[in-house]
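Presented below is the structure to which this report refers.
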Amino acid sequence: MKTILTKSSKFGVVAGIILIFSEMINLSSTLAEILEKLFTGGIATKDVIIPFYMGLVTGLIVFFTTFAFLKKQKSDRKNSFLHGLAAAIIISLVSGSLISVLNIILGSYLEKGKDVRVYLEALSPDVIRAFLFQTDVRHAVMNYFLSTFLGSMTALILFWLSQKTNQPAKTIRGLARLKEKIQVGRIFERYPAVKTISILLVIIAILTLPLIVNAYTISVLGIVLIYAIMGLGLNLIVGLSGQLVFGYVAFFALGAYTFGLLTAPKPFGIEMNFWLALLISLVVAGIGGFLIGLPIMNLRGDYLAIVTLGFAEIVRILINSNLMADYTGGPQGIKNIGQPIQPSIFERYFGKPLEDNVWFLYLIIFVFLLILYAAFRLQYSRTGRSWEAMREDETVAQACGVTTSSYKVLAIVIGAAIAGAAGALYASRNTYTGPSEYAFMVSVNALAVVVVGGMGSIPGTLLGAFIIKGLPELLRDLENYRMVVFGALLIVMMIIRPEGIWPVKRRKLSVAPESIEVLKEDLKP
Amino acid sequence: MTKKPSYVLEAENITINFGGLTAVNDVSLQVPFESIISIIGPNGAGKTTFFNCISGFYACDKGTVFFQERPINGIPTDEIANLGISRTYQNIRLFTNMSVIENVLIGQQPRLRSTCIDTIFQTYRNRREEKQSIQKACNLLDFVGLGAYADDVANNLPYGAQRRLEIARALGNNPHLLLLDEPCAGMNPHETSAMIELINTLRSQLKITIVLIEHDMKVVMNISDSILVLDHGEKIAQGTPDEIQSNQKVIEAYLGSGTENLVEKYSKRKADKRKLD
């Protein structure tokens, strides 16, 4: 009994601290606001948070803590309802009193008309009123105790039910069985027509998407796809050939600046055709990759990461410097970068030309599909396999006849060229390119795209791009907390699924064997 | 070819030093065509070092290795694989996250010609080569008895199967010479006899010359044409299994000196047994 007292009060303190912390940085009221929007269908009462949702957030936090506590108990304790009841009550009391103390202090400040914002920036009087459930301190304290109590009781009841009926385990088993039954891969294998049709459907969906969404979504989709292109390139280097390249942004910048210099009116005034310039920036980035690839051919792991990191910094500082200012525009960057001219086909079909951003999204999709095709081909070929073998065991791969140094350089060259194409698209889309856009963060994001999605997995890379660049946009409702929540999501994701969201699956390749005579003939030196 | 070389492999006076330690000292070895040569010796005798020297992992400090009368000292391992020397490893080194058939496909690397440009544009050469190499990989897997596992991930194979897969991978580049580093280590008697059978078939059916390191004397005495014994980096004996069994130096290396009586007893018992048979 004594142990349960100390243990559960510890958990109560934890819940209380979480409550206090999230109140002090104003997280809980933001969450309450989101819940309110969700349940009332976005018709939020202006600025005033309905007390019910405040209580709901408090209850939820206590609910999770209690549930975690109950789950952590040893099996004999788990089965005792009385133990659970005592623990739940203690947790709710402890956390409730902790949060109440804070609110009594805040409430008294409010009544005296003092501004707490001097100490805690987030807590304006309106927010404190929300924390006090729009009533006075006494009622607020009662409300807090009620919500913590309800939260922990719900946790207890749910936990008890799950123990008795074994429902969660059953559900998971059922889902696994369902997954076994519905194997998309097997269906595709048996009915090739289904595969073709579903691919067609996806393509049609992709093609109609830019026409039906709004301008904001178009811009988000554009950036997501550009990152997906970069991810595909980096996936070849990091995911397949296993070389940790940290300065990927250097090749992105090379592509962007080459494209800018070739198409902008200043400083050279070449104003080249879009496609030709795209091709040249791809080649220039590839050459950059080759040059950096030569000295690092024989480096492994960490050394490689640091060398490429240095390279990226050199590139960024060079384009920012006075030395190159005549060519790169220094800190001002290059303005008025050319955009492609829309072919008249669209006008003929739609009656009027497409809007610029829609047309450009189509362009990005087109380039993206080309690169996707190339990446698929490369991965499932002799080249891709050699890269993977190198990643698995470089020494053995070489002893099997893989010329590791040239395959390493090849991976970097192709990856760099793809980044160059992405950079060119990015510069053209913004009609501007400047040194501030090529910070280290871009490399980190590109790496995160690959790692989150699943190393070496192409669909994983696409998913990763949506998560890294798309999810922060979806989380906009969280305002200042979106990057915090985003970071937390990444951490949780990597703990639950370290192999990435969509890890790579091996393709079935085997065919029926022939007789040993064929093999004898085959193996004749 | 104007004249067929007399040996697949000739190692002449190989010496390898690691700092002050002489791991292999003045060892010579001739490997005739279609033979099975075993290298034995107590732990730390320099067997694997010698192996690594032949397969290009280490450069030797003195001496020369000739492969079909061509010196191969200091050539990178991928080129040695190109020439037709394959090897397996003492502690199995597969590409663990790749599928079984992909492992064998990597082994065929030196025989493939299609480039990444071919791959992207799906040229005729690329498609033909891909089809042929997959067929060959399946044939090889069937040969070593792993046909059913072709699409599994290599890491999930049972131990014995992983050893066989290493051999299948090594066969991919049509080797003249196959170096097996302890192919039967850690196997049960059943698996061991299957491995002996496999090694014998490699020679008889596929005409491959084999050099192997092995601790299991049953295997060594069973399949070798000739045995090379190393101790403390030096060659102490070479000969047929029977010669090696009665060689005093070898017995001393394994059992220590002062065991003459024991050996006499053993050979007497063995002679009796033969009479009975």
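By order of appearance in the structure tokens: chains A, B, ..., then residues from 1 within every chain, and ligands from 1 in the order shown.
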Contact residues (chain B, partner chain A, 6 Å, only C-alpha atoms) as a list in words: Thr77, Asp78, Ala81, Phe95, Gly107, Gln109, Pro110, Ile120, Cys138, Asn139, Asp151, Asn174 and Leu206 of chain B
Can you pull out every residue within 7 Å of Gly470 in chain A, counting only C-alpha atoms, but drop anything in the same chain fewer than 3 positions away, and send it as a list in words? Val220, Val224, Phe466, Ile467, Glu473 and Leu474 of chain A
I'd like the neighbourhood of range 161-168 of chain B as a ChimeraX atom specification, where a residue qualifies if any of its atoms comes within 10 Å (using only C-alpha atoms), though same-chain residues fewer than 2 positions away should be ignored. /B:86-96,100-101,103-105,107,137-146,149-150,154-159,170-173,178-180,182-185,187,191,195,198-199,202
Using DSSP secondary structure from the backbone, list all strand (DSSP E or B) positions within range 108-222 of chain B, as a PyMOL selection string. chain B and resi 153+177-181+209-213
For the residues in the current selection, export N, CA, C and O atoms as a compact mmCIF listing (two decimals), in the first residue's frame.
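Heads up, here's the output in part-v7.txt:
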# COMPACT_ATOMS: atom_id res chain seq x y z
N VAL B 153 14.96 -12.56 -47.33
CA VAL B 153 16.06 -11.68 -46.96
C VAL B 153 17.20 -12.55 -46.41
O VAL B 153 16.96 -13.47 -45.62
N LEU B 177 39.15 -20.25 -59.43
CA LEU B 177 39.68 -20.64 -58.14
C LEU B 177 38.73 -20.14 -57.05
O LEU B 177 38.33 -18.98 -57.05
N LEU B 178 38.36 -21.05 -56.17
CA LEU B 178 37.43 -20.69 -55.11
C LEU B 178 38.16 -20.86 -53.77
O LEU B 178 38.71 -21.91 -53.50
N LEU B 179 38.17 -19.79 -52.98
CA LEU B 179 38.83 -19.85 -51.68
C LEU B 179 37.74 -19.94 -50.61
O LEU B 179 36.91 -19.04 -50.50
N LEU B 180 37.73 -21.02 -49.84
CA LEU B 180 36.70 -21.19 -48.80
C LEU B 180 37.36 -21.08 -47.43
O LEU B 180 38.24 -21.87 -47.10
N ASP B 181 36.92 -20.11 -46.65
CA ASP B 181 37.50 -19.92 -45.33
C ASP B 181 36.58 -20.57 -44.29
O ASP B 181 35.51 -20.04 -43.99
N THR B 209 38.67 -25.23 -59.13
CA THR B 209 39.76 -25.53 -58.21
C THR B 209 39.45 -24.88 -56.86
O THR B 209 38.97 -23.75 -56.82
N ILE B 210 39.72 -25.60 -55.78
CA ILE B 210 39.30 -25.10 -54.47
C ILE B 210 40.47 -25.11 -53.50
O ILE B 210 41.21 -26.10 -53.41
N VAL B 211 40.65 -24.02 -52.79
CA VAL B 211 41.58 -23.98 -51.66
C VAL B 211 40.74 -23.68 -50.44
O VAL B 211 39.93 -22.75 -50.47
N LEU B 212 40.87 -24.46 -49.36
CA LEU B 212 40.03 -24.18 -48.21
C LEU B 212 40.80 -24.25 -46.90
O LEU B 212 41.78 -24.98 -46.77
N ILE B 213 40.34 -23.46 -45.96
CA ILE B 213 40.84 -23.51 -44.59
C ILE B 213 39.79 -24.26 -43.80
O ILE B 213 38.60 -23.99 -43.96
Could you tell me how far CA of Ser193 in chain B sits from CA of Ile40 in chain B, in Å to one decimal place?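 Separating CA of Ile40 in chain B from CA of Ser193 in chain B is a distance of 18.7 Å.
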Please identify all polymer residues within 9 Å of Ala237 in chain B, counting only C-alpha atoms, omitting same-chain residues fewer than 6 positions from it, and present them as a PyMOL selection string. chain B and resi 227-230+244+247+249-250
In range 2-146 of chain B, what's alpha helix (DSSP H) per DSSP? Answer as a ChimeraX atom specification? /B:47-54,77-83,100-107,116-121,124-144
Those same residues, written as a CSV table (one decimal), in the first residue's frame with C-alpha atoms?
chain,number,residue,atom,x,y,z
B,47,LYS,CA,46.0,-19.3,-42.4
B,48,THR,CA,43.5,-16.5,-42.9
B,49,THR,CA,46.3,-14.0,-43.4
B,50,PHE,CA,47.7,-16.2,-46.2
B,51,PHE,CA,44.2,-16.3,-47.7
B,52,ASN,CA,43.7,-12.6,-47.5
B,53,CYS,CA,47.0,-12.2,-49.3
B,54,ILE,CA,45.9,-14.4,-52.2
B,77,THR,CA,40.2,-6.9,-54.8
B,78,ASP,CA,37.6,-6.1,-57.5
B,79,GLU,CA,40.1,-6.7,-60.2
B,80,ILE,CA,41.1,-10.0,-58.6
B,81,ALA,CA,37.5,-10.9,-58.7
B,82,ASN,CA,37.4,-10.0,-62.4
B,83,LEU,CA,40.3,-12.4,-63.0
B,100,VAL,CA,19.2,-14.1,-51.3
B,101,ILE,CA,19.0,-13.8,-55.1
B,102,GLU,CA,20.3,-10.2,-55.0
B,103,ASN,CA,23.3,-11.5,-53.1
B,104,VAL,CA,24.0,-13.9,-55.9
B,105,LEU,CA,23.4,-11.2,-58.5
B,106,ILE,CA,26.1,-9.0,-56.9
B,107,GLY,CA,28.5,-11.9,-57.2
B,116,CYS,CA,23.6,3.2,-65.5
B,117,ILE,CA,22.7,4.9,-68.8
B,118,ASP,CA,21.5,1.5,-70.2
B,119,THR,CA,19.5,1.1,-67.1
B,120,ILE,CA,17.7,4.4,-67.2
B,121,PHE,CA,16.8,4.0,-70.9
B,124,TYR,CA,18.0,-4.1,-75.2
B,125,ARG,CA,21.4,-4.9,-73.6
B,126,ASN,CA,20.2,-4.1,-70.2
B,127,ARG,CA,17.0,-6.1,-70.4
B,128,ARG,CA,18.8,-9.1,-71.9
B,129,GLU,CA,21.6,-9.0,-69.3
B,130,GLU,CA,19.2,-8.6,-66.4
B,131,LYS,CA,17.1,-11.6,-67.6
B,132,GLN,CA,20.2,-13.8,-68.1
B,133,SER,CA,21.8,-12.9,-64.8
B,134,ILE,CA,18.6,-13.6,-62.9
B,135,GLN,CA,18.3,-17.0,-64.6
B,136,LYS,CA,21.9,-17.8,-63.7
B,137,ALA,CA,21.4,-16.7,-60.1
B,138,CYS,CA,18.4,-19.0,-59.9
B,139,ASN,CA,20.4,-21.9,-61.4
B,140,LEU,CA,23.2,-21.3,-58.9
B,141,LEU,CA,20.8,-21.1,-56.0
B,142,ASP,CA,19.2,-24.4,-57.1
B,143,PHE,CA,22.6,-25.9,-57.4
B,144,VAL,CA,23.5,-25.1,-53.8
Could you list, as a PDB file with N, CA, C and O atoms, in the first residue's frame, every residue within 12 Å of Pro71 in chain B, counting only C-alpha atoms and ignoring same-chain residues fewer than 6 positions away?
ATOM      1  N   VAL B   8      46.975 -23.329 -61.350  1.00  0.00           N
ATOM      2  CA  VAL B   8      46.015 -22.224 -61.261  1.00  0.00           C
ATOM      3  C   VAL B   8      46.646 -21.102 -60.456  1.00  0.00           C
ATOM      4  O   VAL B   8      46.616 -19.940 -60.833  1.00  0.00           O
ATOM      5  N   LEU B   9      47.236 -21.499 -59.335  1.00  0.00           N
ATOM      6  CA  LEU B   9      47.773 -20.495 -58.432  1.00  0.00           C
ATOM      7  C   LEU B   9      49.141 -20.927 -57.946  1.00  0.00           C
ATOM      8  O   LEU B   9      49.346 -22.082 -57.601  1.00  0.00           O
ATOM      9  N   GLU B  10      50.045 -19.988 -57.971  1.00  0.00           N
ATOM     10  CA  GLU B  10      51.346 -20.271 -57.385  1.00  0.00           C
ATOM     11  C   GLU B  10      51.698 -19.134 -56.439  1.00  0.00           C
ATOM     12  O   GLU B  10      51.730 -17.976 -56.846  1.00  0.00           O
ATOM     13  N   ALA B  11      51.952 -19.496 -55.195  1.00  0.00           N
ATOM     14  CA  ALA B  11      52.417 -18.487 -54.251  1.00  0.00           C
ATOM     15  C   ALA B  11      53.867 -18.791 -53.948  1.00  0.00           C
ATOM     16  O   ALA B  11      54.205 -19.913 -53.571  1.00  0.00           O
ATOM     17  N   GLU B  12      54.717 -17.802 -54.149  1.00  0.00           N
ATOM     18  CA  GLU B  12      56.144 -18.047 -53.968  1.00  0.00           C
ATOM     19  C   GLU B  12      56.688 -17.233 -52.805  1.00  0.00           C
ATOM     20  O   GLU B  12      56.667 -16.006 -52.844  1.00  0.00           O
ATOM     21  N   ILE B  54      46.243 -13.927 -50.881  1.00  0.00           N
ATOM     22  CA  ILE B  54      45.908 -14.443 -52.205  1.00  0.00           C
ATOM     23  C   ILE B  54      44.747 -13.664 -52.809  1.00  0.00           C
ATOM     24  O   ILE B  54      44.748 -13.321 -53.979  1.00  0.00           O
ATOM     25  N   GLY B  56      43.875 -10.668 -52.261  1.00  0.00           N
ATOM     26  CA  GLY B  56      44.124  -9.252 -52.495  1.00  0.00           C
ATOM     27  C   GLY B  56      43.744  -8.337 -51.356  1.00  0.00           C
ATOM     28  O   GLY B  56      43.814  -7.128 -51.495  1.00  0.00           O
ATOM     29  N   GLY B  63      57.740 -11.854 -51.709  1.00  0.00           N
ATOM     30  CA  GLY B  63      57.180 -12.956 -52.460  1.00  0.00           C
ATOM     31  C   GLY B  63      56.174 -12.492 -53.500  1.00  0.00           C
ATOM     32  O   GLY B  63      55.827 -11.310 -53.571  1.00  0.00           O
ATOM     33  N   THR B  64      55.728 -13.443 -54.310  1.00  0.00           N
ATOM     34  CA  THR B  64      54.813 -13.118 -55.394  1.00  0.00           C
ATOM     35  C   THR B  64      53.703 -14.152 -55.444  1.00  0.00           C
ATOM     36  O   THR B  64      53.924 -15.329 -55.162  1.00  0.00           O
ATOM     37  N   VAL B  65      52.505 -13.692 -55.797  1.00  0.00           N
ATOM     38  CA  VAL B  65      51.407 -14.621 -56.062  1.00  0.00           C
ATOM     39  C   VAL B  65      51.143 -14.585 -57.554  1.00  0.00           C
ATOM     40  O   VAL B  65      50.961 -13.508 -58.137  1.00  0.00           O
ATOM     41  N   ILE B  80      40.826  -8.565 -58.867  1.00  0.00           N
ATOM     42  CA  ILE B  80      41.116  -9.984 -58.628  1.00  0.00           C
ATOM     43  C   ILE B  80      39.855 -10.811 -58.847  1.00  0.00           C
ATOM     44  O   ILE B  80      39.886 -11.889 -59.449  1.00  0.00           O
ATOM     45  N   LEU B  83      39.442 -11.385 -62.433  1.00  0.00           N
ATOM     46  CA  LEU B  83      40.311 -12.413 -63.001  1.00  0.00           C
ATOM     47  C   LEU B  83      39.741 -13.807 -62.795  1.00  0.00           C
ATOM     48  O   LEU B  83      40.042 -14.722 -63.544  1.00  0.00           O
TER      49      LEU B  83
END
Would you kindly return, as a ChimeraX atom specification, each protein, DNA or RNA residue with an atom no farther than 8 Å from any atom of Ala130 in chain A, considering only C-alpha atoms and excluding same-chain residues fewer than 2 positions away? /A:29,48-51,54,126-128,132-134
Same residues, N, CA and C atoms, saved as a compact mmCIF listing (two decimals), in the first residue's frame:
# COMPACT_ATOMS: atom_id res chain seq x y z
N SER A 29 -4.22 25.97 -23.64
CA SER A 29 -5.35 26.73 -24.18
C SER A 29 -5.37 26.65 -25.71
N VAL A 48 -13.09 33.55 -26.94
CA VAL A 48 -13.36 32.97 -25.63
C VAL A 48 -13.42 31.45 -25.79
N ILE A 49 -12.57 30.77 -25.00
CA ILE A 49 -12.56 29.31 -25.10
C ILE A 49 -13.64 28.76 -24.18
N ILE A 50 -14.47 27.89 -24.72
CA ILE A 50 -15.53 27.30 -23.91
C ILE A 50 -14.89 26.47 -22.79
N PRO A 51 -15.30 26.65 -21.53
CA PRO A 51 -14.67 25.97 -20.40
C PRO A 51 -14.59 24.47 -20.59
N MET A 54 -11.37 23.37 -22.11
CA MET A 54 -10.25 23.51 -21.17
C MET A 54 -10.18 22.28 -20.27
N ASP A 126 -6.76 37.53 -20.93
CA ASP A 126 -7.75 36.68 -21.62
C ASP A 126 -7.44 35.20 -21.43
N VAL A 127 -6.16 34.91 -21.58
CA VAL A 127 -5.73 33.51 -21.48
C VAL A 127 -5.96 33.00 -20.06
N ILE A 128 -5.62 33.86 -19.07
CA ILE A 128 -5.80 33.43 -17.68
C ILE A 128 -7.27 33.19 -17.40
N LEU A 132 -9.08 29.93 -15.97
CA LEU A 132 -9.97 29.93 -14.81
C LEU A 132 -11.39 29.52 -15.20
N PHE A 133 -11.52 28.94 -16.38
CA PHE A 133 -12.83 28.47 -16.85
C PHE A 133 -13.84 29.60 -16.93
N GLN A 134 -13.38 30.80 -17.17
CA GLN A 134 -14.23 31.98 -17.29
C GLN A 134 -15.03 32.26 -16.01
Write out as a PyMOL selection string which residues come within 9 Å of Val219 in chain B when counting only C-alpha atoms, dropping same-chain ones fewer than 3 positions away. chain B and resi 184+192-193+195-196+214-216+222-224
